[in-house]
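Chemist: Enclosed is the structure file my_file28.cif (mmCIF, C-alpha atoms).
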data_structure
#
loop_
_atom_site.group_PDB
_atom_site.id
_atom_site.type_symbol
_atom_site.label_atom_id
_atom_site.label_comp_id
_atom_site.auth_asym_id
_atom_site.auth_seq_id
_atom_site.Cartn_x
_atom_site.Cartn_y
_atom_site.Cartn_z
ATOM 1 C CA MET I 1 114.360 90.543 -24.590
ATOM 2 C CA PHE I 2 117.029 87.932 -23.893
ATOM 3 C CA PHE I 3 119.373 89.325 -26.547
ATOM 4 C CA GLN I 4 118.839 92.846 -25.234
ATOM 5 C CA MET I 5 119.826 91.670 -21.759
ATOM 6 C CA ILE I 6 122.955 90.020 -23.157
ATOM 7 C CA GLY I 7 123.730 93.212 -25.083
ATOM 8 C CA VAL I 8 123.446 95.384 -21.968
ATOM 9 C CA PHE I 9 125.636 92.967 -20.000
ATOM 10 C CA LEU I 10 128.310 92.941 -22.721
ATOM 11 C CA LEU I 11 128.243 96.723 -23.106
ATOM 12 C CA ALA I 12 128.669 97.029 -19.344
ATOM 13 C CA LEU I 13 131.883 95.022 -19.561
ATOM 14 C CA VAL I 14 133.352 98.043 -21.310
ATOM 15 C CA GLU I 15 131.503 101.144 -20.101
ATOM 16 C CA ILE I 16 128.408 101.962 -18.050
ATOM 17 C CA TRP I 17 127.809 105.115 -20.098
ATOM 18 C CA LEU I 18 126.997 102.885 -23.078
ATOM 19 C CA ALA I 19 125.065 100.147 -21.309
ATOM 20 C CA ILE I 20 122.559 102.232 -19.326
ATOM 21 C CA PRO I 21 121.099 104.240 -22.246
ATOM 22 C CA ALA I 22 121.056 101.121 -24.416
ATOM 23 C CA GLY I 23 119.125 99.145 -21.811
ATOM 24 C CA LEU I 24 116.597 101.903 -21.253
ATOM 25 C CA THR I 25 116.043 102.588 -24.948
ATOM 26 C CA TRP I 26 115.568 98.861 -25.554
ATOM 27 C CA GLY I 27 112.685 98.988 -23.087
ATOM 28 C CA LEU I 28 114.204 97.056 -20.199
ATOM 29 C CA HIS I 29 112.979 97.816 -16.683
ATOM 30 C CA PRO I 30 115.357 100.158 -14.786
ATOM 31 C CA ALA I 31 115.891 97.632 -11.971
ATOM 32 C CA LEU I 32 116.923 95.015 -14.525
ATOM 33 C CA VAL I 33 119.233 97.527 -16.204
ATOM 34 C CA ILE I 34 120.869 98.275 -12.839
ATOM 35 C CA LEU I 35 121.431 94.570 -12.139
ATOM 36 C CA LEU I 36 122.762 93.826 -15.617
ATOM 37 C CA VAL I 37 125.078 96.830 -15.686
ATOM 38 C CA CYS I 38 126.443 96.140 -12.198
ATOM 39 C CA GLY I 39 126.945 92.473 -13.054
ATOM 40 C CA GLY I 40 128.621 93.193 -16.369
ATOM 41 C CA THR I 41 130.887 95.902 -15.035
ATOM 42 C CA LEU I 42 131.965 93.890 -12.009
ATOM 43 C CA SER I 43 132.611 90.858 -14.215
ATOM 44 C CA GLY I 44 134.898 93.007 -16.330
ATOM 45 C CA VAL I 45 136.628 94.372 -13.236
ATOM 46 C CA GLY I 46 137.173 90.855 -11.901
ATOM 47 C CA ILE I 47 138.629 89.678 -15.190
ATOM 48 C CA ILE I 48 140.931 92.700 -15.362
ATOM 49 C CA ILE I 49 142.135 92.245 -11.773
ATOM 50 C CA ILE I 50 142.938 88.591 -12.393
ATOM 51 C CA LEU I 51 144.612 89.112 -15.778
ATOM 52 C CA SER I 52 146.441 92.354 -15.034
ATOM 53 C CA GLU I 53 148.478 90.726 -12.277
ATOM 54 C CA ARG I 54 149.779 88.211 -14.802
ATOM 55 C CA ILE I 55 150.404 90.934 -17.368
ATOM 56 C CA ARG I 56 152.283 93.066 -14.823
ATOM 57 C CA ALA I 57 154.436 90.149 -13.699
ATOM 58 C CA GLY I 58 155.193 89.180 -17.291
ATOM 59 C CA SER I 59 156.021 92.715 -18.374
ATOM 60 C CA ASN I 60 158.336 93.219 -15.392
ATOM 61 C CA ARG I 61 160.187 89.967 -16.182
ATOM 62 C CA TRP I 62 160.408 91.007 -19.827
ATOM 63 C CA LEU I 63 161.761 94.440 -18.911
ATOM 64 C CA ASP I 64 164.358 93.046 -16.508
ATOM 65 C CA LYS I 65 165.534 90.518 -19.062
ATOM 66 C CA ASN I 66 165.907 93.071 -21.858
ATOM 67 C CA ARG I 67 167.486 95.866 -19.833
ATOM 68 C CA THR I 68 170.516 93.770 -18.919
ATOM 69 C CA GLY I 69 171.411 92.452 -22.370
ATOM 70 C CA ASP I 70 172.587 94.250 -25.489
ATOM 71 C CA ALA I 71 169.651 93.580 -27.771
ATOM 72 C CA SER I 72 169.071 97.090 -29.062
ATOM 73 C CA ALA I 73 167.952 96.048 -32.536
ATOM 74 C CA SER I 74 165.770 93.105 -31.595
ATOM 75 C CA LEU I 75 162.006 92.986 -31.427
ATOM 76 C CA SER I 76 162.147 92.147 -27.723
ATOM 77 C CA ALA I 77 164.065 95.357 -27.016
ATOM 78 C CA LEU I 78 161.427 97.336 -28.883
ATOM 79 C CA PHE I 79 158.719 95.639 -26.836
ATOM 80 C CA ALA I 80 160.634 96.451 -23.639
ATOM 81 C CA GLN I 81 160.793 100.125 -24.644
ATOM 82 C CA ILE I 82 157.042 100.164 -25.323
ATOM 83 C CA ILE I 83 156.285 98.615 -21.911
ATOM 84 C CA ALA I 84 158.584 101.128 -20.199
ATOM 85 C CA ALA I 85 156.840 104.015 -21.968
ATOM 86 C CA LEU I 86 153.423 102.678 -20.952
ATOM 87 C CA GLN I 87 154.521 102.364 -17.329
ATOM 88 C CA GLU I 88 155.853 105.930 -17.411
ATOM 89 C CA ARG I 89 152.597 107.209 -18.944
ATOM 90 C CA LEU I 90 150.616 105.358 -16.287
ATOM 91 C CA HIS I 91 151.936 107.807 -13.704
ATOM 92 C CA SER I 92 150.688 110.946 -15.454
ATOM 93 C CA GLY I 93 146.967 110.506 -16.153
ATOM 94 C CA ARG I 94 143.756 111.574 -14.452
ATOM 95 C CA LEU I 95 143.280 108.288 -12.585
ATOM 96 C CA TYR I 96 146.802 108.444 -11.180
ATOM 97 C CA LYS I 97 146.141 111.949 -9.833
ATOM 98 C CA ILE I 98 142.972 110.647 -8.161
ATOM 99 C CA TRP I 99 145.046 107.785 -6.751
ATOM 100 C CA LEU I 100 147.579 110.184 -5.253
ATOM 101 C CA LYS I 101 144.946 112.466 -3.762
ATOM 102 C CA TYR I 102 142.251 110.052 -2.554
ATOM 103 C CA GLY I 103 143.815 106.599 -2.604
ATOM 104 C CA ILE I 104 141.984 103.368 -3.232
ATOM 105 C CA ILE I 105 138.652 104.708 -1.952
ATOM 106 C CA GLY I 106 138.644 107.666 -4.324
ATOM 107 C CA LEU I 107 139.767 105.533 -7.234
ATOM 108 C CA GLY I 108 136.996 103.027 -6.590
ATOM 109 C CA LEU I 109 134.225 105.555 -6.069
ATOM 110 C CA LEU I 110 135.121 108.034 -8.820
ATOM 111 C CA SER I 111 136.373 105.800 -11.618
ATOM 112 C CA PRO I 112 133.008 104.451 -12.845
ATOM 113 C CA VAL I 113 131.870 107.945 -13.767
ATOM 114 C CA LEU I 114 135.183 109.556 -14.782
ATOM 115 C CA THR I 115 136.731 106.870 -16.971
ATOM 116 C CA SER I 116 135.732 103.250 -16.573
ATOM 117 C CA ALA I 117 135.811 100.706 -13.794
ATOM 118 C CA PRO I 118 137.952 98.155 -15.690
ATOM 119 C CA LEU I 119 140.556 100.826 -16.428
ATOM 120 C CA ALA I 120 140.633 101.788 -12.749
ATOM 121 C CA ALA I 121 141.022 98.134 -11.781
ATOM 122 C CA PHE I 122 143.974 97.805 -14.148
ATOM 123 C CA LEU I 123 145.575 100.959 -12.760
ATOM 124 C CA GLY I 124 145.001 99.829 -9.172
ATOM 125 C CA VAL I 125 146.696 96.495 -9.784
ATOM 126 C CA MET I 126 149.592 98.212 -11.564
ATOM 127 C CA LEU I 127 150.021 100.455 -8.506
ATOM 128 C CA ASN I 128 150.097 97.418 -6.194
ATOM 129 C CA ALA I 129 146.737 98.059 -4.535
ATOM 130 C CA ASP I 130 145.208 95.318 -2.417
ATOM 131 C CA LYS I 131 143.027 93.430 -4.891
ATOM 132 C CA LEU I 132 140.159 92.685 -2.503
ATOM 133 C CA LYS I 133 139.923 96.281 -1.271
ATOM 134 C CA LEU I 134 140.146 97.514 -4.844
ATOM 135 C CA PHE I 135 137.300 95.240 -5.915
ATOM 136 C CA ILE I 136 135.143 96.235 -2.919
ATOM 137 C CA TRP I 137 135.543 99.984 -3.497
ATOM 138 C CA ILE I 138 135.045 99.721 -7.244
ATOM 139 C CA SER I 139 131.927 97.621 -6.555
ATOM 140 C CA ALA I 140 130.583 100.326 -4.261
ATOM 141 C CA GLY I 141 131.294 103.001 -6.853
ATOM 142 C CA VAL I 142 129.693 100.981 -9.635
ATOM 143 C CA ALA I 143 126.571 100.313 -7.549
ATOM 144 C CA VAL I 144 126.133 103.966 -6.561
ATOM 145 C CA TRP I 145 126.810 105.457 -9.989
ATOM 146 C CA THR I 146 124.845 102.835 -11.910
ATOM 147 C CA THR I 147 121.795 103.291 -9.698
ATOM 148 C CA GLY I 148 121.997 107.077 -9.832
ATOM 149 C CA LEU I 149 122.610 107.307 -13.567
ATOM 150 C CA THR I 150 119.948 104.745 -14.433
ATOM 151 C CA LEU I 151 117.293 106.486 -12.358
ATOM 152 C CA ALA I 152 118.292 109.911 -13.675
ATOM 153 C CA MET I 153 118.133 108.719 -17.277
ATOM 154 C CA TYR I 154 114.868 106.837 -16.717
ATOM 155 C CA PHE I 155 113.078 109.788 -15.132
ATOM 156 C CA GLY I 156 114.632 112.129 -17.688
ATOM 157 C CA LEU I 157 113.159 110.029 -20.476
ATOM 158 C CA ILE I 158 109.766 110.118 -18.725
ATOM 159 C CA LEU I 159 109.924 113.905 -18.387
ATOM 160 C CA LEU I 160 110.836 114.261 -22.048
ATOM 161 C CA GLY I 161 107.998 111.936 -23.013
ATOM 162 C CA ILE I 162 110.232 109.452 -24.776
#
As structure tokens, how would this structure be written, given the file I've shared?
Modeler:
Amino acid sequence: MFFQMIGVFLLALVEIWLAIPAGLTWGLHPALVILLVCGGTLSGVGIIIILSERIRAGSNRWLDKNRTGDASASLSALFAQIIAALQERLHSGRLYKIWLKYGIIGLGLLSPVLTSAPLAAFLGVMLNADKLKLFIWISAGVAVWTTGLTLAMYFGLILLGI
């Protein structure tokens, strides 16, 4: 049972859609699955929020350094072009549209079910969202969606007789 709990926690670092069915099919109690998935997902979100600030600062320094010089054939110029393309792509996806329409609250509440909470945390930090507010709203979204999805899957498995 211990390894199953660790497995659910580690799966939740990546995606709740993987962790909840795994925990229930491994025979864990739904309340334990909810706690493990919330803990794992929020651990992943916290790690992403802390690390993405450093990544953003480093990539901005790297871009500024390589835009001013004439290093068109170097590896650093190629890396700068890749970072610029990623930043441009960041402003065209589904999460960015949610960000524009609903702000930090919508991003936090909708991201656990639409994409993933760590991805939303990364996007929020890249868009200069307040980190504490971002974490609070993603936590609320994770708690609501994890509880709802776990109970729906649990009772669905009971109804199916599995």
Chemist: Grab the atom CA of I:Leu18 to atom CA of I:Ile162 distance for me, in Å with one decimal place.
Modeler: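 That distance, rounded to one decimal, is 18.1 Å.
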Chemist: Show which residues sit within 8 Å of I:Thr146, as a list in words. Count only C-alpha atoms, and ignore same-chain residues fewer than 6 positions away.
Modeler: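 The neighbour list is Ile16, Ile20, Ile34, Val37 and Cys38 of chain I.
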Chemist: Hey, can you check how far atom CA of I:Val144 sits from atom CA of I:Leu127?
Modeler: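 About the pair atom CA of I:Val144 and atom CA of I:Leu127: they are 24.2 Å apart.
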Chemist: As an exercise, work out the distance from atom CA of I:Leu24 to atom CA of I:Ser111 in Å and give it to one decimal place.
Modeler: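 Between these atoms lies a distance of 22.3 Å.
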Chemist: Could you check the closest approach to I:Gly156 for each of I:Gly93, I:Ala31, I:Ile98, I:Pro21 and tell me which residue wins, using all atoms listed in the file?
Modeler: I:Pro21
Chemist: Using all atoms listed in the file, which of I:Ala117, I:Leu132, I:Met5, I:Ile105 sits nearest I:Val45?
Modeler: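 The shortest atom-to-atom distance to I:Val45 comes from I:Ala117.
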Chemist: Could you list the residues chosen by the PyMOL selection byres ((chain I and resi 2) around 12) in this structure as a ChimeraX atom specification?
Modeler: /I:1,3-9,23,26-28,32,36
